[in-house]
>>> print(open('structure.txt').read())   # compact mmCIF, C-alpha atoms and all ligand atoms
# COMPACT_ATOMS: atom_id res chain seq x y z
CA MET A 714 260.30 107.17 122.63
CA ILE A 715 259.18 106.11 126.10
CA VAL A 716 258.65 102.36 126.35
CA ARG A 717 256.90 100.66 129.24
CA ILE A 718 257.23 97.05 130.33
CA ASP A 719 253.93 95.82 131.80
CA GLY A 720 252.91 92.51 133.30
CA GLY A 721 256.37 91.54 134.52
CA ARG A 722 257.71 90.94 137.99
CA LEU A 723 260.53 93.42 138.56
CA TRP A 724 263.57 92.57 140.61
CA ASP A 725 263.78 94.77 143.70
CA ALA A 726 267.35 94.52 144.96
CA GLU A 727 266.58 96.12 148.30
CA SER A 728 263.99 93.57 149.38
CA GLY A 729 265.42 90.74 147.30
CA GLN A 730 261.93 90.14 145.87
CA LEU A 731 260.16 90.20 142.57
CA ARG A 732 257.35 92.79 142.49
CA GLU A 733 254.46 93.11 140.09
CA THR A 734 255.00 96.58 138.74
CA SER A 735 255.96 98.42 135.56
CA VAL A 736 259.11 100.12 134.41
CA ALA A 737 259.43 102.82 131.77
CA PHE A 738 262.56 103.66 129.81
CA ASP A 739 263.62 106.03 127.10
CA ASP A 740 264.90 104.11 124.08
CA VAL A 741 266.85 107.15 122.86
CA THR A 742 268.83 107.95 126.00
CA GLY A 743 268.79 104.26 126.92
CA GLU A 744 267.91 105.07 130.51
CA ILE A 745 265.23 103.99 132.94
CA VAL A 746 262.77 106.81 133.51
CA ALA A 747 260.47 105.54 136.24
CA LEU A 748 259.12 102.54 138.11
CA GLY A 749 255.56 102.02 139.28
CA GLN A 750 251.97 101.95 138.07
CA GLY A 751 250.29 104.32 135.64
CA LEU A 752 253.43 105.49 133.84
CA ARG A 753 252.87 107.20 130.49
CA ALA A 754 254.48 105.60 127.46
CA GLU A 755 254.30 105.57 123.68
CA LYS A 756 254.93 101.86 123.41
CA VAL A 757 254.19 98.93 125.70
CA ILE A 758 255.95 95.58 126.01
CA GLU A 759 253.40 93.19 127.48
CA LEU A 760 254.78 90.34 129.60
CA ARG A 761 253.00 87.40 131.21
CA GLY A 762 254.49 87.29 134.67
CA GLU A 763 258.11 86.88 133.60
CA ALA A 764 260.85 88.06 135.95
CA VAL A 765 262.64 91.24 134.93
CA PHE A 766 266.21 91.32 136.26
CA PRO A 767 268.95 93.86 135.62
CA GLY A 768 270.92 92.75 132.54
CA PHE A 769 273.48 90.16 133.60
CA ILE A 770 277.20 91.00 133.53
CA ASP A 771 279.89 88.39 132.90
CA MET A 772 283.46 89.48 133.61
CA HIS A 773 285.10 86.41 132.09
CA VAL A 774 284.33 85.12 128.62
CA HIS A 775 286.41 83.97 125.66
CA LEU A 776 285.08 85.35 122.39
CA ARG A 777 288.03 83.94 120.37
CA ASP A 778 288.08 86.90 118.03
CA PRO A 779 290.44 87.67 116.34
CA GLY A 780 292.12 84.59 115.01
CA LEU A 781 290.32 81.67 116.63
CA THR A 782 286.94 82.10 114.99
CA ALA A 783 286.43 78.41 114.29
CA LYS A 784 285.74 78.20 118.05
CA GLU A 785 283.65 81.40 118.29
CA SER A 786 283.39 84.77 116.57
CA LEU A 787 282.52 88.12 118.03
CA GLU A 788 279.10 87.78 116.33
CA THR A 789 278.24 84.35 117.72
CA GLY A 790 279.79 85.17 121.09
CA VAL A 791 277.74 88.29 121.72
CA GLN A 792 274.60 86.60 120.46
CA ALA A 793 275.20 83.73 122.89
CA ALA A 794 275.75 86.32 125.63
CA ALA A 795 272.51 88.12 124.81
CA ALA A 796 270.69 84.77 124.70
CA GLY A 797 271.98 84.12 128.20
CA GLY A 798 270.54 87.43 129.49
CA PHE A 799 273.92 89.18 129.50
CA THR A 800 274.00 92.84 128.52
CA GLN A 801 277.72 93.28 129.21
CA VAL A 802 280.67 90.89 129.03
CA ALA A 803 284.39 91.29 129.55
CA CYS A 804 286.42 89.22 127.10
CA MET A 805 289.80 87.67 127.68
CA PRO A 806 292.84 88.51 125.54
CA ASN A 807 294.05 84.98 124.73
CA THR A 808 293.17 85.40 121.08
CA LYS A 809 295.39 85.23 118.01
CA PRO A 810 297.08 87.67 118.16
CA PRO A 811 296.56 88.33 121.87
CA ILE A 812 294.85 91.64 122.76
CA ASP A 813 297.95 93.64 123.64
CA SER A 814 297.59 96.71 121.40
CA PRO A 815 295.19 99.67 121.63
CA LYS A 816 294.03 99.00 118.08
CA LEU A 817 292.93 95.46 118.91
CA VAL A 818 291.03 96.75 121.96
CA ALA A 819 289.32 99.56 120.04
CA ASP A 820 288.43 97.19 117.17
CA LEU A 821 286.58 94.81 119.47
CA VAL A 822 284.64 97.62 121.14
CA GLU A 823 283.74 99.15 117.77
CA ARG A 824 282.76 95.91 116.08
CA ALA A 825 280.62 94.92 119.05
CA LYS A 826 278.83 98.28 118.80
CA VAL A 827 278.10 97.66 115.14
CA ILE A 828 276.73 94.18 115.87
CA GLY A 829 274.57 95.89 118.49
CA LYS A 830 274.01 93.04 120.89
CA THR A 831 275.85 92.58 124.20
CA GLU A 832 278.34 95.29 125.10
CA VAL A 833 281.94 94.07 125.09
CA HIS A 834 284.63 95.28 127.50
CA PRO A 835 287.99 93.91 126.39
CA ILE A 836 290.48 92.78 129.00
CA ALA A 837 293.97 93.41 127.64
CA CYS A 838 297.18 91.49 128.27
CA ILE A 839 299.37 91.95 131.33
CA THR A 840 302.43 90.95 129.31
CA GLN A 841 303.10 91.57 125.61
CA GLY A 842 301.79 88.62 123.60
CA GLN A 843 300.96 86.91 126.92
CA ALA A 844 304.55 85.73 126.84
CA GLY A 845 305.02 86.40 130.55
CA ASP A 846 307.85 88.88 130.19
CA GLU A 847 307.63 92.45 128.84
CA LEU A 848 304.71 94.44 130.28
CA ALA A 849 302.02 95.78 127.95
CA ASP A 850 301.31 99.53 127.63
CA TYR A 851 298.51 99.76 130.17
CA GLU A 852 297.84 103.46 129.79
CA ALA A 853 297.29 103.27 126.03
CA LEU A 854 295.25 100.07 126.35
CA ARG A 855 293.08 101.62 129.05
CA ALA A 856 292.53 104.73 126.92
CA ALA A 857 291.38 102.47 124.07
CA GLY A 858 288.76 100.86 126.33
CA ALA A 859 290.38 98.00 128.26
CA VAL A 860 288.44 97.35 131.45
CA GLY A 861 291.31 95.48 133.13
CA PHE A 862 294.40 93.40 132.48
CA SER A 863 294.98 89.67 132.44
CA ASP A 864 297.10 86.96 130.86
CA ASP A 865 294.16 84.58 131.35
CA GLY A 866 294.74 81.10 130.07
CA ARG A 867 298.08 81.33 131.85
CA GLY A 868 299.37 82.80 135.08
CA VAL A 869 302.25 85.28 135.06
CA GLN A 870 304.95 82.96 136.36
CA HIS A 871 307.57 85.58 137.25
CA GLY A 872 306.76 87.19 140.61
CA GLY A 873 309.04 90.17 140.10
CA ARG A 874 307.44 90.96 136.75
CA MET A 875 304.00 90.69 138.31
CA ARG A 876 305.09 93.09 141.06
CA GLU A 877 306.03 95.66 138.41
CA ALA A 878 302.66 95.12 136.73
CA PHE A 879 300.87 95.74 140.03
CA LEU A 880 302.83 98.97 140.60
CA ARG A 881 301.83 100.29 137.19
CA LEU A 882 298.22 99.17 137.51
CA LYS A 883 297.95 100.82 140.91
CA GLU A 884 299.13 104.06 139.33
CA LEU A 885 296.53 103.73 136.58
CA GLY A 886 293.73 102.60 138.90
CA ALA A 887 293.02 99.47 136.83
CA PRO A 888 292.52 95.91 138.11
CA ALA A 889 294.95 93.02 137.67
CA ILE A 890 292.69 90.08 136.77
CA ILE A 891 294.65 86.93 137.41
CA HIS A 892 294.51 83.39 136.16
CA ALA A 893 296.21 81.89 139.21
CA GLU A 894 298.30 78.89 138.26
CA ASP A 895 301.86 78.11 139.20
CA GLU A 896 302.88 76.07 136.19
CA THR A 897 305.86 74.60 138.01
CA ILE A 898 303.24 72.91 140.20
CA SER A 899 300.46 72.17 137.69
CA GLY A 900 302.90 70.85 135.11
CA LYS A 901 301.26 68.82 132.38
CA GLY A 902 298.29 67.80 134.54
CA VAL A 903 294.80 67.79 133.03
CA VAL A 904 292.34 66.91 135.84
CA HIS A 905 292.11 66.76 139.64
CA PRO A 906 294.48 64.10 141.06
CA ASN A 907 291.57 61.79 142.08
CA ALA A 908 290.10 61.77 138.58
CA ALA A 909 293.61 61.39 137.19
CA ARG A 910 294.11 58.23 139.23
CA ARG A 911 290.77 56.79 138.11
CA LEU A 912 291.27 57.55 134.43
CA GLY A 913 295.02 57.07 134.08
CA LEU A 914 295.73 60.75 133.37
CA LEU A 915 298.11 63.33 134.86
CA GLY A 916 296.81 65.25 137.88
CA ILE A 917 296.92 68.99 138.65
CA PRO A 918 297.90 69.40 142.31
CA ILE A 919 295.25 71.66 143.83
CA GLU A 920 297.83 73.98 145.41
CA ALA A 921 298.90 75.21 141.95
CA GLU A 922 296.10 77.78 142.23
CA ALA A 923 296.36 78.93 145.86
CA ALA A 924 300.15 79.21 145.65
CA MET A 925 299.86 81.96 143.05
CA ILE A 926 296.92 83.63 144.77
CA ALA A 927 299.01 83.82 147.95
CA ARG A 928 301.87 85.44 146.06
CA ASP A 929 299.60 87.94 144.39
CA VAL A 930 297.59 89.00 147.45
CA LEU A 931 300.92 89.81 149.12
CA LEU A 932 301.97 91.81 146.07
CA ALA A 933 298.59 93.57 146.07
CA GLU A 934 299.01 94.39 149.74
CA GLN A 935 302.39 96.02 149.24
CA THR A 936 301.52 97.82 146.01
CA GLY A 937 297.92 98.77 146.85
CA ALA A 938 296.65 97.60 143.45
CA HIS A 939 293.25 95.98 142.91
CA LEU A 940 293.68 92.24 142.47
CA HIS A 941 290.79 90.27 140.96
CA VAL A 942 291.14 86.49 141.03
CA CYS A 943 289.56 84.52 138.18
CA HIS A 944 287.64 81.23 138.49
CA VAL A 945 288.50 80.29 142.11
CA SER A 946 288.18 76.54 142.53
CA THR A 947 289.82 75.23 145.71
CA GLU A 948 289.38 75.35 149.48
CA PRO A 949 292.87 76.78 150.17
CA SER A 950 292.28 79.50 147.55
CA VAL A 951 289.07 80.55 149.31
CA ALA A 952 290.92 80.52 152.65
CA VAL A 953 293.73 82.73 151.32
CA ILE A 954 291.28 85.23 149.81
CA ARG A 955 289.24 85.29 153.02
CA TRP A 956 292.43 85.96 155.00
CA ALA A 957 293.50 88.71 152.57
CA LYS A 958 290.11 90.45 152.75
CA ALA A 959 290.14 90.32 156.56
CA ARG A 960 293.55 91.99 156.41
CA GLY A 961 292.14 94.81 154.28
CA ILE A 962 293.89 93.83 151.04
CA ARG A 963 292.13 95.01 147.89
CA VAL A 964 291.22 91.64 146.47
CA THR A 965 288.03 90.47 144.75
CA ALA A 966 287.24 87.13 143.19
CA GLU A 967 284.93 85.24 140.89
CA VAL A 968 283.53 81.73 140.86
CA THR A 969 282.03 79.84 137.91
CA PRO A 970 278.74 77.94 137.77
CA HIS A 971 280.67 74.72 137.00
CA HIS A 972 282.87 75.00 140.09
CA LEU A 973 279.77 75.64 142.24
CA LEU A 974 277.81 72.72 140.75
CA LEU A 975 280.28 70.00 139.82
CA SER A 976 283.20 68.17 141.36
CA GLU A 977 285.70 65.68 139.98
CA THR A 978 283.58 62.83 141.33
CA ALA A 979 281.17 63.41 138.42
CA ILE A 980 283.83 62.63 135.82
CA LYS A 981 283.03 59.06 134.86
CA ARG A 982 285.09 58.58 131.73
CA ASP A 983 287.63 60.20 129.44
CA ASP A 984 285.34 62.88 127.97
CA ALA A 985 286.95 66.25 127.20
CA ASN A 986 283.68 68.12 127.77
CA TRP A 987 284.65 67.76 131.43
CA LYS A 988 288.13 69.20 130.95
CA VAL A 989 288.48 72.74 132.20
CA ASN A 990 291.15 74.88 133.82
CA PRO A 991 291.16 75.14 136.78
CA PRO A 992 289.80 71.59 136.86
CA LEU A 993 286.68 70.37 138.61
CA GLN A 994 288.06 69.83 142.10
CA SER A 995 287.02 67.67 145.06
CA GLU A 996 283.61 67.81 146.69
CA ARG A 997 285.26 69.55 149.67
CA ASP A 998 286.65 72.25 147.37
CA ARG A 999 283.25 72.71 145.76
CA GLU A 1000 281.63 73.15 149.16
CA ALA A 1001 284.30 75.68 150.15
CA CYS A 1002 283.59 77.70 146.99
CA LEU A 1003 279.88 77.64 147.76
CA GLU A 1004 280.53 78.79 151.31
CA GLY A 1005 282.93 81.46 150.04
CA PHE A 1006 280.34 82.70 147.61
CA LEU A 1007 277.65 82.79 150.30
CA ASP A 1008 279.80 84.80 152.73
CA GLY A 1009 281.04 87.18 150.03
CA THR A 1010 284.67 85.99 149.97
CA LEU A 1011 284.02 85.19 146.32
CA ASP A 1012 282.29 88.29 145.04
CA ILE A 1013 280.85 87.52 141.65
CA ILE A 1014 279.74 84.81 139.22
CA ALA A 1015 281.65 84.57 135.94
CA THR A 1016 281.08 81.87 133.34
CA ASP A 1017 284.60 81.54 131.88
CA HIS A 1018 282.71 80.72 128.65
CA ALA A 1019 285.45 78.91 126.70
CA PRO A 1020 284.20 77.51 123.37
CA HIS A 1021 286.23 74.99 121.38
CA THR A 1022 285.40 73.10 118.19
CA PRO A 1023 283.74 69.68 118.39
CA ALA A 1024 286.84 68.16 116.74
CA GLU A 1025 289.13 69.59 119.41
CA LYS A 1026 286.86 68.30 122.14
CA ALA A 1027 286.54 64.87 120.53
CA GLN A 1028 290.14 64.23 121.56
CA SER A 1029 291.14 62.46 124.74
CA MET A 1030 291.33 64.51 127.92
CA ALA A 1031 295.10 64.19 127.72
CA THR A 1032 295.33 66.37 124.61
CA ALA A 1033 292.03 68.28 124.17
CA PRO A 1034 292.03 71.99 125.09
CA PHE A 1035 290.68 73.12 128.48
CA GLY A 1036 287.33 74.92 128.64
CA MET A 1037 283.54 74.78 128.78
CA VAL A 1038 280.88 77.03 127.26
CA GLY A 1039 278.66 78.74 129.80
CA LEU A 1040 276.90 81.88 128.63
CA GLU A 1041 273.59 80.30 127.65
CA THR A 1042 273.17 78.05 130.65
CA ALA A 1043 274.63 80.03 133.58
CA PHE A 1044 271.54 81.65 135.03
CA ALA A 1045 269.22 78.65 134.64
CA LEU A 1046 271.73 76.19 136.11
CA LEU A 1047 272.31 78.37 139.17
CA TYR A 1048 268.60 79.03 139.55
CA THR A 1049 267.59 75.38 139.18
CA TYR A 1050 270.35 73.71 141.18
CA LEU A 1051 271.20 76.31 143.85
CA VAL A 1052 268.22 78.63 144.27
CA LEU A 1053 265.27 76.23 143.94
CA PRO A 1054 266.69 73.70 146.47
CA GLY A 1055 267.32 76.59 148.89
CA THR A 1056 271.12 76.35 148.90
CA VAL A 1057 271.73 79.95 147.75
CA PRO A 1058 269.23 82.82 147.96
CA LEU A 1059 268.16 84.24 144.59
CA THR A 1060 269.30 87.65 145.74
CA ARG A 1061 272.91 86.43 146.13
CA ILE A 1062 272.91 85.01 142.59
CA ILE A 1063 271.42 88.16 141.07
CA GLU A 1064 273.78 90.42 142.98
CA GLY A 1065 276.72 88.25 141.84
CA MET A 1066 275.61 88.59 138.22
CA THR A 1067 274.57 92.26 138.23
CA SER A 1068 275.25 94.90 140.89
CA ARG A 1069 278.52 93.51 142.22
CA PRO A 1070 280.37 93.19 138.94
CA ALA A 1071 279.04 96.63 137.93
CA ARG A 1072 280.35 98.16 141.13
CA LEU A 1073 283.71 96.36 141.16
CA PHE A 1074 284.56 97.30 137.58
CA GLY A 1075 282.81 100.68 137.38
CA LEU A 1076 280.29 99.62 134.72
CA ALA A 1077 276.88 101.04 133.83
CA GLY A 1078 273.85 98.88 134.53
CA GLY A 1079 273.52 96.34 137.30
CA SER A 1080 270.38 97.77 138.86
CA ILE A 1081 266.81 98.72 138.04
CA ARG A 1082 266.23 102.30 139.19
CA PRO A 1083 265.45 105.63 137.52
CA GLY A 1084 268.55 107.03 135.83
CA ALA A 1085 270.23 103.63 135.48
CA ARG A 1086 270.85 102.16 132.06
CA ALA A 1087 267.84 100.27 130.73
CA ASP A 1088 269.49 96.84 130.75
CA PHE A 1089 267.16 93.92 131.45
CA ALA A 1090 267.19 90.14 131.39
CA ILE A 1091 263.59 88.95 131.04
CA VAL A 1092 263.23 85.40 132.32
CA ASP A 1093 260.36 82.94 132.45
CA LEU A 1094 261.16 81.24 135.76
CA GLN A 1095 258.38 78.68 135.31
CA ALA A 1096 259.46 77.43 131.90
CA GLU A 1097 261.65 74.35 131.82
CA ARG A 1098 263.86 72.87 129.16
CA THR A 1099 266.62 70.35 128.59
CA ILE A 1100 270.08 71.65 127.72
CA ASP A 1101 270.63 70.85 124.09
CA GLY A 1102 273.78 71.88 122.24
CA ASP A 1103 271.90 72.23 118.96
CA SER A 1104 269.87 75.08 120.41
CA PHE A 1105 273.00 77.09 121.34
CA TYR A 1106 273.91 80.35 119.65
CA THR A 1107 277.58 79.87 120.56
CA LYS A 1108 279.63 77.79 118.14
CA GLY A 1109 280.78 75.72 121.11
CA ARG A 1110 279.00 72.53 122.17
CA ASN A 1111 281.50 71.72 124.91
CA THR A 1112 279.59 71.52 128.15
CA PRO A 1113 279.21 68.71 130.70
CA PHE A 1114 275.66 69.96 131.35
CA LEU A 1115 274.16 68.54 128.13
CA ASP A 1116 270.77 66.90 128.87
CA TRP A 1117 270.41 68.56 132.27
CA ARG A 1118 266.88 69.76 133.02
CA ILE A 1119 266.73 73.47 133.80
CA ALA A 1120 264.08 75.93 134.86
CA GLY A 1121 264.35 79.57 133.85
CA VAL A 1122 264.25 80.42 130.16
CA ILE A 1123 265.57 83.79 128.92
CA LYS A 1124 262.72 85.31 126.90
CA SER A 1125 264.42 88.51 125.87
CA THR A 1126 267.29 90.80 126.69
CA ILE A 1127 267.31 94.59 126.51
CA ARG A 1128 270.45 96.72 126.50
CA ALA A 1129 270.33 100.50 126.77
CA GLY A 1130 266.65 100.38 125.84
CA GLN A 1131 267.12 98.21 122.73
CA VAL A 1132 265.95 94.63 122.42
CA ILE A 1133 269.13 92.64 121.72
CA TYR A 1134 267.70 89.15 122.00
CA GLU A 1135 264.34 87.48 121.55
CA ALA A 1136 263.87 83.76 122.18
CA GLY A 1137 263.93 81.82 118.93
CA GLU A 1138 265.68 84.47 116.84
CA GLU A 1139 267.92 83.40 113.97
CA ARG A 1140 271.57 82.65 114.45
CA LEU A 1141 274.29 85.05 113.36
CA SER A 1142 277.30 83.37 111.84
N1 LIG B 1 289.18 77.99 131.37
C1 LIG B 1 289.61 77.17 130.44
O1 LIG B 1 289.60 75.95 130.66
N2 LIG B 1 290.07 77.60 129.25
C2 LIG B 1 290.22 78.96 128.86
C3 LIG B 1 291.40 79.62 129.49
C4 LIG B 1 291.19 80.04 130.92
O2 LIG B 1 290.21 80.72 131.27
O3 LIG B 1 292.04 79.74 131.76
C5 LIG B 1 290.34 79.01 127.35
O4 LIG B 1 290.74 80.04 126.80
O5 LIG B 1 289.96 78.03 126.68
ZN ZN B 2 291.62 81.29 133.20
>>> encode(input="structure.txt", output="structure tokens", more="lines below")
Ligand SMILES: NC(=O)N[C@@H](CC(=O)O)C(=O)O
Ligand SMILES: [Zn+2]
Amino acid sequence: MIVRIDGGRLWDAESGQLRETSVAFDDVTGEIVALGQGLRAEKVIELRGEAVFPGFIDMHVHLRDPGLTAKESLETGVQAAAAGGFTQVACMPNTKPPIDSPKLVADLVERAKVIGKTEVHPIACITQGQAGDELADYEALRAAGAVGFSDDGRGVQHGGRMREAFLRLKELGAPAIIHAEDETISGKGVVHPNAARRLGLLGIPIEAEAAMIARDVLLAEQTGAHLHVCHVSTEPSVAVIRWAKARGIRVTAEVTPHHLLLSETAIKRDDANWKVNPPLQSERDREACLEGFLDGTLDIIATDHAPHTPAEKAQSMATAPFGMVGLETAFALLYTYLVLPGTVPLTRIIEGMTSRPARLFGLAGGSIRPGARADFAIVDLQAERTIDGDSFYTKGRNTPFLDWRIAGVIKSTIRAGQVIYEAGEERLS
């Protein structure tokens, strides 16, 4: 059946504007058929001036399934994703057991299809069991549906092992997605050294991140593999990536909403909702990330959605796990606090959440044009709300953005021509 969306303002990537026009898609093939006025359709979705963006894509989320489902399950994770306007997410393998076998990859893809909400692209382990030693079977994992490889949650500490991984990934044409952290530098630290001093905690020296990025861009240069750097958070990291790109090294990078919006100066007390890895860094680091995102050094936005239970996060920062939830607040936070004040153009945010991740990782979607997959995030940019954990679809409540005012409410999300989220729908469990 041909379905038409009327009354919306469609995102036009070329002009970077919203345009009052219609779009028609086929809900059987799941593809966009045409844009413009007077399109024939058998069904009409009537909007009231909402913005229609390409479905958002998040290349870094933790769905905690299998094994850690007290924090999140595949069901609640993909519902939270859909509620955030995301039609595709890539999930990290630091589950229990870690995603290091083709069966675990295929299971996630299959189960997500059955749930029928956001599409899930598993990222499989670089090393077996994320133990940092024996390499996983990339070919088999890729064949099962892995979109890339990462030991996220930890960096691969052994440079020689990482070099072997790069050689194999180059052969396969798959990206190495790195959590950059030299643990001999970060040690047992939990926050930026300034916050550590204020609160009597252990600090994470900021060079723990850039030191490993420097190692890996050199390995990527020599091996020719695609290196993708997760959650970049410091000024020297941005400088190293900028240098590597200028040199022609195949490196891409992501930045999170929290590292663009918050710095360690905002941490007022020992509250584990503010504990994340890499940590909130200095104001100077935050500004460098913003600049890096604006000039394209940092390619894409990723949430690093990392749910934990309220009990885990009720602990002191010294012992609570690292991580913040982000799927349901990402777009609105960026829109309200970067776009509306004029700091970042809307087009850069949308590109960082749609077309760029699609292009970098060879995914469907990411643009609104005939023949593209009918993936849409439908957003009321005028509507405002206050961030309230009780309204979340994720099981996680761990965010430092509780009570922040935001503009931009996701009204509905469509993936491959199917409505996968409607504001106010019931929670899955
Ligand atoms: N980012 C975090 O603070 N935590 C992540 C791990 C990670 O992405 O490094 C987690 O799995 O909880
Ligand atoms: Zn990480």
>>> residues_near_point(input="structure.txt", point="(279.7, 95.3, 123.7)", cutoff="9 Å", atoms="all atoms listed in the file", output="PyMOL selection string")
chain A and resi 791+800-803+821-826+828-835
>>> closest_residue(input="structure.txt", among="A:Thr1016, A:Ser735, A:Thr978, A:Thr897", to="ligand ZN 2 (chain B)", atoms="all atoms listed in the file")
A:Thr1016
>>> residues_around(input="structure.txt", residues="Pro991 of chain A", least_positions_apart="6", cutoff="8 Å", atoms="only C-alpha atoms", output="list in words")
Glu922, His944, Val945 and Ser946 of chain A
>>> closest_atom_pairs(input="structure.txt", of="chain A", to="ligand ZN 2 (chain B)", cutoff="12 Å", atoms="all atoms listed in the file", output="JSON lines")
{"residue": "A:Met772", "atom": "CA", "partner": "B:ZN2", "partner_atom": "ZN", "distance": 11.6}
{"residue": "A:His773", "atom": "CA", "partner": "B:ZN2", "partner_atom": "ZN", "distance": 8.4}
{"residue": "A:Val774", "atom": "CA", "partner": "B:ZN2", "partner_atom": "ZN", "distance": 9.4}
{"residue": "A:His775", "atom": "CA", "partner": "B:ZN2", "partner_atom": "ZN", "distance": 9.5}
{"residue": "A:Cys804", "atom": "CA", "partner": "B:ZN2", "partner_atom": "ZN", "distance": 11.3}
{"residue": "A:Met805", "atom": "CA", "partner": "B:ZN2", "partner_atom": "ZN", "distance": 8.6}
{"residue": "A:Pro806", "atom": "CA", "partner": "B:ZN2", "partner_atom": "ZN", "distance": 10.6}
{"residue": "A:Asn807", "atom": "CA", "partner": "B:ZN2", "partner_atom": "ZN", "distance": 9.6}
{"residue": "A:Ser863", "atom": "CA", "partner": "B:ZN2", "partner_atom": "ZN", "distance": 9.1}
{"residue": "A:Asp864", "atom": "CA", "partner": "B:ZN2", "partner_atom": "ZN", "distance": 8.2}
{"residue": "A:Asp865", "atom": "CA", "partner": "B:ZN2", "partner_atom": "ZN", "distance": 4.5}
{"residue": "A:Gly866", "atom": "CA", "partner": "B:ZN2", "partner_atom": "ZN", "distance": 4.4}
{"residue": "A:Arg867", "atom": "CA", "partner": "B:ZN2", "partner_atom": "ZN", "distance": 6.6}
{"residue": "A:Gly868", "atom": "CA", "partner": "B:ZN2", "partner_atom": "ZN", "distance": 8.1}
{"residue": "A:Val869", "atom": "CA", "partner": "B:ZN2", "partner_atom": "ZN", "distance": 11.5}
{"residue": "A:Ile890", "atom": "CA", "partner": "B:ZN2", "partner_atom": "ZN", "distance": 9.5}
{"residue": "A:Ile891", "atom": "CA", "partner": "B:ZN2", "partner_atom": "ZN", "distance": 7.7}
{"residue": "A:His892", "atom": "CA", "partner": "B:ZN2", "partner_atom": "ZN", "distance": 4.6}
{"residue": "A:Ala893", "atom": "CA", "partner": "B:ZN2", "partner_atom": "ZN", "distance": 7.6}
{"residue": "A:Glu894", "atom": "CA", "partner": "B:ZN2", "partner_atom": "ZN", "distance": 8.7}
{"residue": "A:Glu922", "atom": "CA", "partner": "B:ZN2", "partner_atom": "ZN", "distance": 10.7}
{"residue": "A:His941", "atom": "CA", "partner": "B:ZN2", "partner_atom": "ZN", "distance": 11.9}
{"residue": "A:Val942", "atom": "CA", "partner": "B:ZN2", "partner_atom": "ZN", "distance": 9.4}
{"residue": "A:Cys943", "atom": "CA", "partner": "B:ZN2", "partner_atom": "ZN", "distance": 6.3}
{"residue": "A:His944", "atom": "CA", "partner": "B:ZN2", "partner_atom": "ZN", "distance": 6.6}
{"residue": "A:Val945", "atom": "CA", "partner": "B:ZN2", "partner_atom": "ZN", "distance": 9.5}
{"residue": "A:Ser946", "atom": "CA", "partner": "B:ZN2", "partner_atom": "ZN", "distance": 11.0}
{"residue": "A:Glu967", "atom": "CA", "partner": "B:ZN2", "partner_atom": "ZN", "distance": 10.9}
{"residue": "A:Val968", "atom": "CA", "partner": "B:ZN2", "partner_atom": "ZN", "distance": 11.1}
{"residue": "A:Thr969", "atom": "CA", "partner": "B:ZN2", "partner_atom": "ZN", "distance": 10.8}
{"residue": "A:Val989", "atom": "CA", "partner": "B:ZN2", "partner_atom": "ZN", "distance": 9.2}
{"residue": "A:Asn990", "atom": "CA", "partner": "B:ZN2", "partner_atom": "ZN", "distance": 6.5}
{"residue": "A:Pro991", "atom": "CA", "partner": "B:ZN2", "partner_atom": "ZN", "distance": 7.1}
{"residue": "A:Pro992", "atom": "CA", "partner": "B:ZN2", "partner_atom": "ZN", "distance": 10.5}
{"residue": "A:Ala1015", "atom": "CA", "partner": "B:ZN2", "partner_atom": "ZN", "distance": 10.8}
{"residue": "A:Thr1016", "atom": "CA", "partner": "B:ZN2", "partner_atom": "ZN", "distance": 10.6}
{"residue": "A:Asp1017", "atom": "CA", "partner": "B:ZN2", "partner_atom": "ZN", "distance": 7.1}
{"residue": "A:His1018", "atom": "CA", "partner": "B:ZN2", "partner_atom": "ZN", "distance": 10.0}
{"residue": "A:Ala1019", "atom": "CA", "partner": "B:ZN2", "partner_atom": "ZN", "distance": 9.3}
{"residue": "A:Phe1035", "atom": "CA", "partner": "B:ZN2", "partner_atom": "ZN", "distance": 9.5}
{"residue": "A:Gly1036", "atom": "CA", "partner": "B:ZN2", "partner_atom": "ZN", "distance": 8.9}
{"residue": "A:Met1037", "atom": "CA", "partner": "B:ZN2", "partner_atom": "ZN", "distance": 11.3}
>>> residues_near_point(input="structure.txt", point="(283.9, 85.6, 148.4)", cutoff="10 Å", atoms="only C-alpha atoms", output="VMD selection string")
chain A and resid 945 951 to 952 954 to 955 958 964 to 968 1002 to 1013
>>> atom_distance(input="structure.txt", atom1="atom CA of Tyr851 of chain A", atom2="atom CA of Leu1040 of chain A")
28.1 Å
>>> closest_residue(input="structure.txt", among="A:Gly842, A:Gly937, A:Gly1039, A:Gly1084", to="ligand LIG 1 (chain B)", atoms="all atoms listed in the file")
A:Gly1039
>>> axis_aligned_box(input="structure.txt", around="ligand LIG 1 (chain B)", padding_each_side="4 Å", output="AutoDock Vina command-line options")
--center_x 290.6 --center_y 78.3 --center_z 129.2 --size_x 10.9 --size_y 12.8 --size_z 13.1
>>> atom_distance(input="structure.txt", atom1="atom CA of Ala924 of chain A", atom2="atom CA of Asn986 of chain A")
26.7 Å
>>> closest_residue(input="structure.txt", among="A:Thr1042, A:Thr1112, A:Ser995, A:Thr840", to="ligand LIG 1 (chain B)", atoms="only C-alpha atoms and all ligand atoms")
A:Thr1112
>>> atom_distance(input="structure.txt", atom1="atom CA of Arg1128 of chain A", atom2="atom CA of Ile1081 of chain A")
12.3 Å
>>> closest_residue(input="structure.txt", among="A:Gln1095, A:Ser899, A:Thr1067, A:Gln870", to="Thr1049 of chain A", atoms="all atoms listed in the file")
A:Gln1095
>>> closest_residue(input="structure.txt", among="A:Leu781, A:Leu932, A:Leu1047, A:Val1052", to="ligand LIG 1 (chain B)", atoms="only C-alpha atoms and all ligand atoms")
A:Leu781
